[in-house]
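For reference, input-v8.txt is printed below; it contains compact mmCIF, C-alpha atoms.
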# COMPACT_ATOMS: atom_id res chain seq x y z
CA MET A 1 234.65 -52.19 49.30
CA ALA A 2 231.39 -52.02 47.34
CA GLU A 3 228.84 -50.16 49.40
CA PRO A 4 225.24 -51.40 49.48
CA ARG A 5 222.40 -48.90 49.55
CA LEU A 6 221.28 -48.63 53.17
CA PRO A 7 218.02 -46.88 54.13
CA GLU A 8 217.93 -44.09 56.67
CA LEU A 9 215.73 -44.84 59.68
CA ALA A 10 213.47 -42.31 61.32
CA ASP A 11 213.54 -41.92 65.09
CA LEU A 12 210.36 -43.54 66.47
CA ARG A 13 210.54 -41.65 69.76
CA ASP A 14 207.32 -39.65 69.96
CA GLY A 15 206.49 -38.21 73.36
CA VAL A 16 202.89 -37.39 72.49
CA LEU A 17 202.01 -40.81 71.07
CA ALA A 18 203.97 -42.59 73.82
CA ALA A 19 202.09 -40.66 76.52
CA ARG A 20 198.74 -41.44 74.89
CA LEU A 21 199.56 -45.14 74.59
CA GLN A 22 200.79 -45.30 78.18
CA HIS A 23 197.61 -43.56 79.36
CA LEU A 24 195.48 -46.11 77.53
CA ILE A 25 197.50 -49.01 78.99
CA ASP A 26 197.43 -47.60 82.53
CA HIS A 27 193.66 -47.10 82.48
CA LYS A 28 192.68 -50.61 81.38
CA THR A 29 190.69 -52.59 83.95
CA LYS A 30 193.66 -53.97 85.86
CA PRO A 31 196.07 -52.94 88.59
CA LEU A 32 198.71 -50.58 87.29
CA GLY A 33 201.52 -52.47 85.56
CA SER A 34 199.99 -55.86 86.28
CA LEU A 35 200.40 -57.15 82.71
CA GLY A 36 204.15 -56.65 82.98
CA ARG A 37 206.10 -57.15 79.75
CA ILE A 38 202.90 -57.32 77.71
CA GLU A 39 202.36 -53.65 78.55
CA SER A 40 205.80 -52.55 77.35
CA LEU A 41 205.35 -54.74 74.26
CA ALA A 42 202.03 -53.04 73.50
CA LEU A 43 203.69 -49.64 73.85
CA GLN A 44 206.54 -50.64 71.52
CA ILE A 45 204.24 -52.05 68.84
CA GLY A 46 201.99 -49.00 69.05
CA LEU A 47 204.99 -46.73 68.52
CA THR A 48 206.35 -48.86 65.67
CA LEU A 49 203.01 -48.97 63.84
CA ARG A 50 202.17 -45.36 64.83
CA SER A 51 198.78 -46.39 66.18
CA GLU A 52 196.80 -46.39 69.41
CA ARG A 53 194.91 -49.44 68.08
CA PRO A 54 197.65 -51.48 66.38
CA VAL A 55 196.73 -54.42 64.18
CA LEU A 56 199.34 -56.91 62.96
CA VAL A 57 198.54 -57.50 59.29
CA SER A 58 199.77 -60.38 57.08
CA PRO A 59 202.72 -61.38 59.28
CA GLN A 60 205.54 -63.00 57.31
CA VAL A 61 208.00 -65.65 58.44
CA VAL A 62 211.07 -65.45 56.21
CA VAL A 63 213.72 -68.16 56.49
CA PHE A 64 217.02 -67.37 54.74
CA ALA A 65 219.17 -70.36 53.77
CA GLY A 66 222.84 -70.41 52.86
CA ASP A 67 225.94 -72.56 53.09
CA HIS A 68 229.34 -71.79 54.56
CA GLY A 69 232.75 -72.77 53.21
CA LEU A 70 233.94 -73.03 56.81
CA ALA A 71 231.68 -76.06 57.31
CA ALA A 72 234.22 -78.18 55.41
CA ARG A 73 236.55 -77.71 58.40
CA GLY A 74 234.17 -79.75 60.58
CA VAL A 75 232.74 -76.97 62.77
CA SER A 76 229.26 -78.56 62.72
CA ALA A 77 227.94 -81.96 63.73
CA PHE A 78 226.11 -82.12 60.39
CA PRO A 79 227.29 -82.01 56.76
CA SER A 80 226.47 -79.09 54.46
CA ASP A 81 223.94 -81.20 52.54
CA VAL A 82 221.58 -80.77 55.48
CA THR A 83 221.06 -77.13 54.46
CA TRP A 84 219.35 -77.92 51.15
CA GLN A 85 217.64 -80.99 52.63
CA MET A 86 216.07 -78.83 55.33
CA VAL A 87 214.98 -76.29 52.71
CA GLU A 88 213.11 -79.15 51.03
CA ASN A 89 211.61 -80.03 54.42
CA PHE A 90 210.44 -76.43 54.92
CA LEU A 91 208.81 -76.42 51.50
CA ALA A 92 207.17 -79.81 52.12
CA GLY A 93 205.67 -78.51 55.37
CA GLY A 94 207.47 -80.92 57.68
CA ALA A 95 209.85 -78.69 59.64
CA ALA A 96 209.18 -77.16 63.04
CA ILE A 97 208.77 -73.69 61.54
CA SER A 98 206.34 -75.10 58.95
CA VAL A 99 204.17 -76.52 61.74
CA LEU A 100 204.33 -73.36 63.86
CA ALA A 101 203.60 -71.08 60.91
CA ARG A 102 200.50 -73.12 60.10
CA GLN A 103 199.42 -73.10 63.73
CA HIS A 104 199.63 -69.32 64.05
CA GLY A 105 198.46 -68.34 60.56
CA LEU A 106 201.86 -67.00 59.51
CA ALA A 107 202.86 -66.88 55.86
CA LEU A 108 206.14 -68.74 55.29
CA THR A 109 208.70 -67.82 52.66
CA VAL A 110 212.02 -69.61 52.22
CA VAL A 111 214.84 -67.66 50.56
CA ASP A 112 217.73 -69.41 48.87
CA ALA A 113 220.45 -66.91 49.72
CA GLY A 114 223.32 -69.22 48.86
CA ALA A 115 222.67 -72.93 49.36
CA ALA A 116 225.39 -75.14 47.88
CA LYS A 117 222.93 -76.76 45.48
CA GLU A 118 220.60 -75.45 42.81
CA LEU A 119 217.03 -75.68 44.08
CA ALA A 120 214.01 -76.18 41.85
CA PRO A 121 211.54 -73.24 41.81
CA ARG A 122 208.53 -73.58 44.11
CA PRO A 123 205.74 -71.15 45.13
CA MET A 124 207.10 -70.69 48.71
CA LEU A 125 210.72 -70.38 47.57
CA GLN A 126 212.45 -67.18 46.51
CA SER A 127 215.71 -67.79 44.65
CA ARG A 128 218.13 -64.99 45.55
CA LYS A 129 221.29 -67.10 45.39
CA VAL A 130 224.49 -65.09 45.45
CA ALA A 131 226.74 -68.14 45.03
CA LEU A 132 226.89 -71.84 45.94
CA GLY A 133 227.94 -71.08 49.51
CA THR A 134 230.58 -68.72 50.86
CA ALA A 135 234.34 -69.18 50.88
CA ASP A 136 236.15 -70.64 53.89
CA CYS A 137 236.59 -67.67 56.21
CA SER A 138 239.44 -69.39 58.06
CA ARG A 139 241.56 -68.60 55.00
CA GLY A 140 240.22 -65.13 54.11
CA PRO A 141 236.93 -63.26 53.70
CA ALA A 142 233.82 -65.41 53.37
CA MET A 143 232.56 -63.24 50.50
CA THR A 144 233.71 -60.49 48.21
CA ALA A 145 232.62 -56.91 48.79
CA ALA A 146 230.35 -57.15 45.76
CA GLN A 147 228.75 -60.35 47.02
CA CYS A 148 228.15 -58.82 50.45
CA ALA A 149 226.49 -55.75 48.91
CA GLN A 150 224.42 -57.97 46.61
CA ALA A 151 223.19 -60.08 49.53
CA ILE A 152 222.20 -57.01 51.57
CA GLU A 153 220.30 -55.52 48.64
CA GLN A 154 218.62 -58.84 47.82
CA GLY A 155 217.42 -59.03 51.42
CA ALA A 156 215.78 -55.65 51.05
CA GLU A 157 214.14 -56.83 47.81
CA VAL A 158 212.70 -59.85 49.63
CA VAL A 159 210.95 -57.60 52.15
CA ARG A 160 209.67 -55.30 49.41
CA SER A 161 208.13 -58.33 47.69
CA LEU A 162 206.04 -59.33 50.71
CA PRO A 163 202.90 -57.77 52.21
CA GLY A 164 202.16 -56.99 55.83
CA ASN A 165 203.54 -54.96 58.71
CA ALA A 166 205.48 -57.61 60.67
CA VAL A 167 208.37 -59.89 59.69
CA LEU A 168 209.62 -62.86 61.71
CA PHE A 169 213.20 -63.71 60.80
CA GLY A 170 214.70 -67.19 60.69
CA GLU A 171 217.60 -68.95 58.98
CA MET A 172 219.08 -72.27 57.94
CA GLY A 173 222.74 -72.92 57.20
CA ILE A 174 225.13 -75.59 58.42
CA GLY A 175 228.06 -73.74 60.00
CA ASN A 176 226.19 -70.54 60.71
CA THR A 177 226.63 -70.60 64.50
CA SER A 178 230.34 -70.25 63.69
CA SER A 179 229.62 -67.28 61.45
CA ALA A 180 227.48 -65.69 64.15
CA ALA A 181 230.11 -66.27 66.84
CA LEU A 182 232.80 -64.62 64.72
CA ILE A 183 230.60 -61.60 63.97
CA MET A 184 229.77 -61.35 67.66
CA ALA A 185 233.40 -61.54 68.78
CA ARG A 186 234.55 -58.87 66.37
CA LEU A 187 231.65 -56.43 66.87
CA THR A 188 231.28 -56.78 70.66
CA GLY A 189 234.95 -57.17 71.54
CA LEU A 190 234.17 -60.19 73.74
CA PRO A 191 236.66 -63.06 73.87
CA LEU A 192 235.91 -65.67 71.21
CA ALA A 193 235.49 -68.36 73.86
CA GLN A 194 232.50 -66.44 75.26
CA CYS A 195 230.88 -66.39 71.82
CA VAL A 196 231.32 -70.00 70.70
CA GLY A 197 228.85 -72.73 71.67
CA ARG A 198 227.77 -76.25 70.81
CA GLY A 199 225.80 -75.28 67.71
CA THR A 200 224.07 -78.39 66.37
CA GLY A 201 225.17 -80.46 69.35
CA LEU A 202 228.96 -80.74 69.48
CA ASP A 203 230.61 -82.45 72.45
CA GLU A 204 233.26 -80.59 74.45
CA PRO A 205 236.32 -81.78 72.45
CA ALA A 206 234.53 -80.79 69.23
CA VAL A 207 233.72 -77.37 70.69
CA GLN A 208 237.41 -76.88 71.44
CA ARG A 209 238.32 -77.85 67.86
CA LYS A 210 235.68 -75.41 66.60
CA LEU A 211 237.12 -72.67 68.81
CA ALA A 212 240.62 -73.24 67.39
CA ILE A 213 239.34 -73.09 63.80
CA LEU A 214 237.40 -69.90 64.50
CA GLN A 215 240.51 -68.38 66.03
CA GLU A 216 242.19 -69.04 62.67
CA ALA A 217 239.33 -67.17 60.98
CA LEU A 218 239.81 -64.14 63.22
CA LEU A 219 243.51 -64.09 62.41
CA ALA A 220 242.88 -64.53 58.69
CA ASN A 221 240.61 -61.46 58.76
CA ALA A 222 242.50 -59.39 61.32
CA ASP A 223 241.83 -56.10 59.51
CA ALA A 224 238.03 -56.52 59.38
CA HIS A 225 236.55 -54.28 62.07
CA GLN A 226 233.98 -52.00 60.44
CA PRO A 227 230.46 -53.52 60.31
CA LEU A 228 230.34 -54.21 56.58
CA ALA A 229 233.89 -55.54 56.58
CA VAL A 230 233.02 -57.87 59.46
CA LEU A 231 229.95 -59.11 57.60
CA GLN A 232 232.01 -59.67 54.46
CA ALA A 233 234.72 -61.50 56.39
CA PHE A 234 232.58 -63.83 58.49
CA GLY A 235 228.97 -63.70 57.36
CA GLY A 236 227.00 -66.22 55.42
CA PHE A 237 224.89 -65.08 52.49
CA GLU A 238 221.83 -65.83 54.63
CA VAL A 239 223.16 -63.62 57.44
CA ALA A 240 223.96 -60.73 55.09
CA MET A 241 220.61 -61.05 53.34
CA MET A 242 218.81 -61.10 56.68
CA CYS A 243 220.68 -57.94 57.71
CA GLY A 244 219.50 -56.14 54.57
CA ALA A 245 215.96 -57.42 55.08
CA MET A 246 215.87 -56.19 58.66
CA LEU A 247 216.99 -52.72 57.65
CA GLU A 248 214.37 -52.57 54.90
CA ALA A 249 211.64 -53.81 57.25
CA ALA A 250 212.65 -51.09 59.71
CA ALA A 251 212.56 -48.43 56.98
CA GLN A 252 209.04 -49.54 56.06
CA GLY A 253 207.85 -49.31 59.67
CA ARG A 254 207.29 -53.03 60.07
CA VAL A 255 207.59 -54.84 63.39
CA ILE A 256 210.76 -56.97 63.35
CA VAL A 257 210.64 -60.22 65.31
CA VAL A 258 214.17 -61.53 65.90
CA ASP A 259 214.71 -65.26 66.42
CA GLY A 260 217.82 -66.74 68.02
CA PHE A 261 221.62 -66.58 67.89
CA ILE A 262 222.14 -66.34 64.14
CA ALA A 263 219.26 -63.93 63.50
CA THR A 264 220.55 -61.75 66.33
CA SER A 265 224.02 -61.72 64.75
CA ALA A 266 222.46 -60.30 61.58
CA LEU A 267 220.72 -57.70 63.74
CA LEU A 268 224.05 -56.96 65.45
CA VAL A 269 225.44 -55.85 62.08
CA ALA A 270 222.26 -53.97 61.18
CA HIS A 271 222.41 -52.16 64.53
CA ALA A 272 226.05 -51.21 64.00
CA LEU A 273 225.04 -49.69 60.64
CA ARG A 274 221.72 -48.13 61.72
CA PRO A 275 221.25 -48.05 65.53
CA ARG A 276 217.58 -47.02 65.29
CA VAL A 277 216.71 -50.44 63.91
CA LEU A 278 216.44 -51.58 67.54
CA GLN A 279 213.35 -49.44 68.04
CA ARG A 280 211.43 -51.78 65.74
CA CYS A 281 212.82 -55.07 67.12
CA VAL A 282 211.06 -57.55 69.36
CA PHE A 283 213.47 -60.19 70.63
CA SER A 284 211.46 -63.37 70.77
CA HIS A 285 213.61 -65.59 72.98
CA GLN A 286 216.97 -66.28 74.57
CA SER A 287 218.55 -69.23 72.83
CA ASP A 288 220.35 -72.06 74.61
CA GLU A 289 223.39 -71.31 72.39
CA SER A 290 225.85 -70.06 74.99
CA GLY A 291 226.74 -66.74 73.35
CA HIS A 292 223.19 -65.55 72.80
CA ALA A 293 222.61 -64.17 76.30
CA ARG A 294 225.77 -62.07 75.98
CA MET A 295 224.79 -60.89 72.51
CA LEU A 296 221.38 -59.80 73.79
CA ALA A 297 223.00 -58.04 76.74
CA HIS A 298 225.31 -56.15 74.37
CA LEU A 299 222.24 -54.87 72.51
CA GLY A 300 220.36 -54.10 75.73
CA ALA A 301 217.65 -56.48 74.53
CA GLU A 302 215.17 -58.28 76.77
CA PRO A 303 213.78 -61.47 75.19
CA LEU A 304 210.14 -62.40 75.65
CA ILE A 305 210.66 -66.07 76.48
CA LYS A 306 213.41 -68.50 77.49
CA LEU A 307 212.65 -72.10 76.58
CA ASP A 308 216.20 -73.42 76.01
CA LEU A 309 215.63 -73.46 72.24
CA ARG A 310 218.53 -73.82 69.81
CA LEU A 311 216.81 -74.88 66.60
CA GLY A 312 216.81 -71.69 64.53
CA GLU A 313 214.46 -71.58 61.51
CA GLY A 314 212.50 -68.76 63.14
CA SER A 315 210.98 -71.28 65.55
CA GLY A 316 211.41 -69.09 68.62
CA ALA A 317 209.94 -66.09 66.80
CA ALA A 318 206.86 -68.13 65.85
CA LEU A 319 206.44 -69.47 69.38
CA ALA A 320 206.53 -65.92 70.78
CA TRP A 321 204.17 -64.54 68.13
CA PRO A 322 200.94 -64.95 70.19
CA LEU A 323 202.39 -62.58 72.78
CA LEU A 324 202.58 -59.82 70.15
CA GLU A 325 199.00 -60.54 69.11
CA SER A 326 197.91 -60.41 72.74
CA ALA A 327 199.64 -57.08 73.34
CA CYS A 328 197.79 -55.54 70.39
CA ARG A 329 194.44 -56.98 71.48
CA ILE A 330 194.92 -55.61 74.99
CA LEU A 331 195.28 -52.14 73.50
CA ARG A 332 192.36 -52.51 71.11
CA GLU A 333 189.83 -54.57 73.03
CA MET A 334 190.37 -54.37 76.79
CA ALA A 335 187.96 -52.02 78.53
CA SER A 336 189.05 -48.96 80.45
CA PHE A 337 187.85 -48.30 83.99
CA GLU A 338 185.67 -45.52 82.64
CA SER A 339 184.06 -47.51 79.82
CA ALA A 340 183.44 -50.52 82.06
CA GLY A 341 182.10 -48.48 84.96
CA VAL A 342 184.70 -49.98 87.31
CA SER A 343 186.19 -47.96 90.14
CA ASN A 344 189.89 -47.36 89.70
CA ALA A 345 190.63 -45.94 93.15
CA GLY A 346 194.18 -46.68 94.13
CA THR A 347 195.19 -47.79 90.64
CA ASP A 348 194.98 -44.55 88.66
CA PRO A 349 198.47 -43.04 88.33
CA GLN A 350 196.81 -39.60 88.33
CA ALA A 351 194.75 -40.25 91.45
Please express the file's structure as structure tokens.
Amino acid sequence: MAEPRLPELADLRDGVLAARLQHLIDHKTKPLGSLGRIESLALQIGLTLRSERPVLVSPQVVVFAGDHGLAARGVSAFPSDVTWQMVENFLAGGAAISVLARQHGLALTVVDAGAAKELAPRPMLQSRKVALGTADCSRGPAMTAAQCAQAIEQGAEVVRSLPGNAVLFGEMGIGNTSSAALIMARLTGLPLAQCVGRGTGLDEPAVQRKLAILQEALLANADAHQPLAVLQAFGGFEVAMMCGAMLEAAAQGRVIVVDGFIATSALLVAHALRPRVLQRCVFSHQSDESGHARMLAHLGAEPLIKLDLRLGEGSGAALAWPLLESACRILREMASFESAGVSNAGTDPQA
């Protein structure tokens, strides 16, 4: 198959910088370890940005949109037209991610990776359309090898076009929980039933119909096992583009904020291709989509929050964003025992 250009990722493990960051964290005016996950988050961001005083600059929310041929089989509670209609809602400022991006001062870019309608150019919209939706993966690969490579490389181009040192990843695409479940089943080896959930709100009989259709897709692509082949077989253009964007963000040393089930499926492929991508990833939340907890466990990922979200769009990443800001401010602004003139007896790890 056509091979996309994939960046090599440096190993962020740095004993000297890690020790210095941990020393700074441990000597803030607080009991040792008392800020819990915020402390490990501060350490991770410091290592990613190679700084003892990390600052998150021009954070970007990027929502990739694409349609899936499989949706015609009825695997979603909504028709494919909802994909382009929601893109219009993002651009008009009325979607959840639009509201949250405004609230937190996050720049929002929507990428047309492969919506099944031509979309008029707008300032917030990047047109990177590979095709008007993928093929039906229950009958063969969702995309050609060339299309898969194109989507990955276009994702990298999106990141190169945007400023800043942090990217929050979201998506929109009717049928893409099915795509994510198939990628998950093939790359983790878990039974398909443990990967498939209610998506946009299917009842139990509809979930069982979805499961049967997805089993057809696995059989139709029985030879797809390597990461790129799995992405070509089951991915949406938005998933493939997000995978390429994540790898490029990692290569540039940006903090990667992963949203829910579909965004994590893109990361699952990226991780299979370049395992060090995980060093740059903050997992914002655990989705209410049933397979997400297992997908996170497979990656050894610990999400920051669990609010029973299953919206997508990058909404969970935006909701978790203030925690990243707080972690950086703790490192930069919180006084040490020494600078504040506070006794640290009993709390100093060196005491």
Selection as an MDAnalysis selection string: residues within 7 Å of (234.7, -61.9, 60.4), counting only C-alpha atoms: chainID A and resid 182:183 186 218 221 224 230:235
Closest of A:Arg294, A:Lys210, A:Arg13, A:Lys28 to A:Pro191 - atom-to-atom distances counting only C-alpha atoms: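 Ranking A:Arg294, A:Lys210, A:Arg13, A:Lys28 by distance to A:Pro191, first place goes to A:Arg294.
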So that each row is one residue of stretch 194-310 of chain A with an atom at most 10 Å from stretch 316-320 of chain A, can you give its shortest atom pair and the distance in Å to one decimal, using all atoms listed in the file, rows by chain and rising number, as CSV?
residue,atom,partner,partner_atom,distance
A:Ile256,CA,A:Ala317,CA,9.8
A:Val257,CA,A:Ala317,CA,6.1
A:Val258,CA,A:Ala317,CA,6.3
A:Asp259,CA,A:Ala317,CA,4.9
A:Gly260,CA,A:Gly316,CA,6.9
A:Val282,CA,A:Ala317,CA,9.0
A:Phe283,CA,A:Ala317,CA,7.9
A:Ser284,CA,A:Ala317,CA,5.0
A:His285,CA,A:Gly316,CA,6.0
A:Gln286,CA,A:Gly316,CA,8.6
A:Ser287,CA,A:Gly316,CA,8.3
A:Pro303,CA,A:Ala320,CA,9.6
A:Leu304,CA,A:Ala320,CA,7.0
A:Ile305,CA,A:Ala320,CA,7.0
A:Lys306,CA,A:Gly316,CA,9.1
A:Leu307,CA,A:Gly316,CA,8.6
A:Asp308,CA,A:Gly316,CA,9.8
A:Leu309,CA,A:Gly316,CA,7.1
A:Arg310,CA,A:Gly316,CA,8.6
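Atom pair atom CA of A:Ala263 / atom CA of A:Pro205: separated by 26.3 Å.
Residues in contact range of A:Gln60, defined as at most 8 Å between only C-alpha atoms, with sequence neighbours fewer than 2 positions away removed, read Ser58, Val62, Leu106, Ala107, Leu108, Thr109, Leu162, Pro163, Gly164, Ala166, Val167 and Leu168 of chain A.
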Closest of A:Glu338, A:Glu289, A:Glu325, A:Asp223 to A:Gly312 - atom-to-atom distances counting all atoms listed in the file: A:Glu289
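The spacing separating atom CA of A:Pro7 from atom CA of A:Pro227 amounts to 15.4 Å.
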Pick from A:Ile213, A:Val16, A:Gln44, A:Asp203, whichever lies nearest to A:Gln279 using all atoms listed in the file: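 Of all the options, A:Gln44 lies closest to A:Gln279.
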Starting from 3 Å padding per side, set up an axis-aligned box that covers all listed atoms of stretch 160-168 of chain A and hand over centre and edge lengths in Å, one decimal, as AutoDock Vina command-line options.
--center_x 205.9 --center_y -58.9 --center_z 54.7 --size_x 13.5 --size_y 13.9 --size_z 20.0
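In this structure, atom CA of A:Val111 sits 16.4 Å away from atom CA of A:Asp81.
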Shortest interatomic distance to A:Phe337 - which of A:Gly201, A:Pro31, A:Gly175, A:Pro4, counting only C-alpha atoms: A:Pro31
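Closest approach to A:Val277 from the set A:Asn344, A:Thr48, A:Thr29, A:Gln22 is made by A:Thr48, with distances taken over only C-alpha atoms.
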Distance criterion (all atoms listed in the file): nearest to A:Met143 out of A:Glu313, A:Glu39, A:Glu333, A:Asp67: A:Asp67
Within 9 Å of stretch 239-242 of chain A using all atoms listed in the file, minus same-chain residues under 5 positions, as a PyMOL selection string: chain A and resi 62-66+113+148-156+158+169-171+176+179-180+231-232+247+262-263+265-267+269
Long-range neighbours of A:Gly140 as a ChimeraX atom specification, 8 Å cut-off, all atoms listed in the file, 3 positions minimum in chain: /A:135-137,217,220-221,233
